[in-house]
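Below is one structure, written out as structure tokens, with a few remarks after it.
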Amino acid sequence: MPRFSHVLRRAGAAVLIGLGVALVADAQAPARPGLDARLDRLTQDLDLTDEQSASLDALSQRYADADRADLWAAAVDVSSILTDAQVDQLQQAAEARRAERREGRGERGQRRARRDGDRPAEGRRLRGDRPRGTHGERVRLTDEQREALRAIRTDVCERTEALVTQLRDGDLSDDAFVAQIKALRDEAARRSVEALPAEAAERRAERQQRREAEQAAREAALDLTEAQKAALQSRMLDRVRDGGPDLRPFLDDDGRLDRRALREAQRARREAARAEREADPILTDAQEDVAFLHRAIAGGRGMRGHGRRARGFGMGR
């Protein structure tokens, strides 16, 4: 199975990225509508009072040029303007949209399965067979620079997998694992910057600064307690220990990965994990509101996956 080790190596990279590591990427985020347009779209079905509408308009002006870090403060302000019932309405609408997307994906998958079932196996083309660009191509690196970055990535993935194995075997404590992953992240960042041309290295440093600013803004907006930070880290490490699904059932005789089946299995795992988290939330209702509203106005992951707002659990407002 020629691709099996490659797939496992990518799993190690995913673990590292999940802990805050990004080696090199030069893709620019697509332009997004202004905050006023996003807030209008978000609240269009709410029965806003005149005072709420005026407050949201003022907020749109105040954060007109906000970056993603500033939008955490904006989410706090939106949370203070809307009522609990209105935020609940927004969350229910978001959940309904997710359910529709899941249903749509299922129908599309069935259609593809029926279509592929009538097609000879040698005539099918898996997504993994399509030529794909690399980060190096996006930043227009030389062959030597691309090879250096590939070597860094391979080294980081292998060392990450070794740390994960030690964590799972109990040979590494949680604190030691987090500290060594952080050290590996810093080393990977330094090595990748050294391998890049000056302009690309500068852009990468700017992106890193934006990520750090957003993380600081998120912590300030959510005002997490030390106990919550510890619980979130513990939950993250539990996911690392658990690992992903066994990939072998999704490989054909030639070692090619059935990505569609793997995505369905991963989606089922996420749904099960989400239900478990909802039964034991870490964030309070107020913190969940802020995280949800930040996702809504920023279009990012925010604190996704740490448990939806659930009345009766947490501390409320």
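Chains: A, B, ... in order of the structure tokens. Residues: from 1 per chain. Ligands: from 1, in order shown.
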(message) DSSP on the backbone, alpha helix (DSSP H) only: what residues of stretch 132-232 of chain A does that give? Format it as an NGL selection string.
(response) :A and (135-138 or 143-169 or 174-195 or 198-222 or 226-232)
(message) Could you list, as a PyMOL selection string, every residue within 8 Å of A:Gln89, counting only C-alpha atoms and ignoring same-chain residues fewer than 4 positions away?
(response) chain A and resi 46+85+93
(request) Check the smallest atom-to-atom distance from each of A:Arg260, A:Arg146, A:Arg159, A:Arg140 to A:Phe177 using only C-alpha atoms, then report the winner. (result)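 Looking at the shortest contact to A:Phe177, the residue is A:Arg159.
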(request) One decimal, Å: what's the distance from atom CA of A:Arg102 over to atom CA of A:Arg269, could you say? (result)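 So the answer is 13.9 Å.
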(request) Identify which of the residues A:Gly243, A:Pro197, A:Gly299, A:Gly255 lies closest to A:Leu71, counting only C-alpha atoms when measuring atom-to-atom distances. (result) A:Gly299
(message) Set the distance at 10 Å and use only C-alpha atoms: which residues neighbour A:Asp238 once local chain neighbours fewer than 6 positions away are removed? I'd like the list as a list in words.
(response)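 Selected residues are Arg168, Asp174 and Leu232 of chain A.
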(message) So, with only C-alpha atoms as the atoms that count, which of A:Arg153, A:Arg101, A:Arg68, A:Arg62 lies closest to A:Ala298?
(response) A:Arg68
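The nearest approach to A:Leu163 among the residues A:Ala183, A:Ala216, A:Ala286, A:Val78, with only C-alpha atoms taken into account, belongs to A:Ala183.
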(message) When you count only C-alpha atoms, which of these residues is closest to A:Thr165: A:Ala69, A:Leu141, A:Asp242, A:Asp50?
(response)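 The closest residue to A:Thr165 is A:Asp242.
Using only C-alpha atoms, the shortest contact distance between A:Ile181 and any of A:Ala96, A:Ile152, A:Glu288, A:Leu237 is found at A:Leu237.
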(request) Report the distance between atom CA of A:Arg295 and atom CA of A:Val240 in Å, rounded to one decimal place. (result)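 Going from atom CA of A:Arg295 over to atom CA of A:Val240, I get 24.0 Å.
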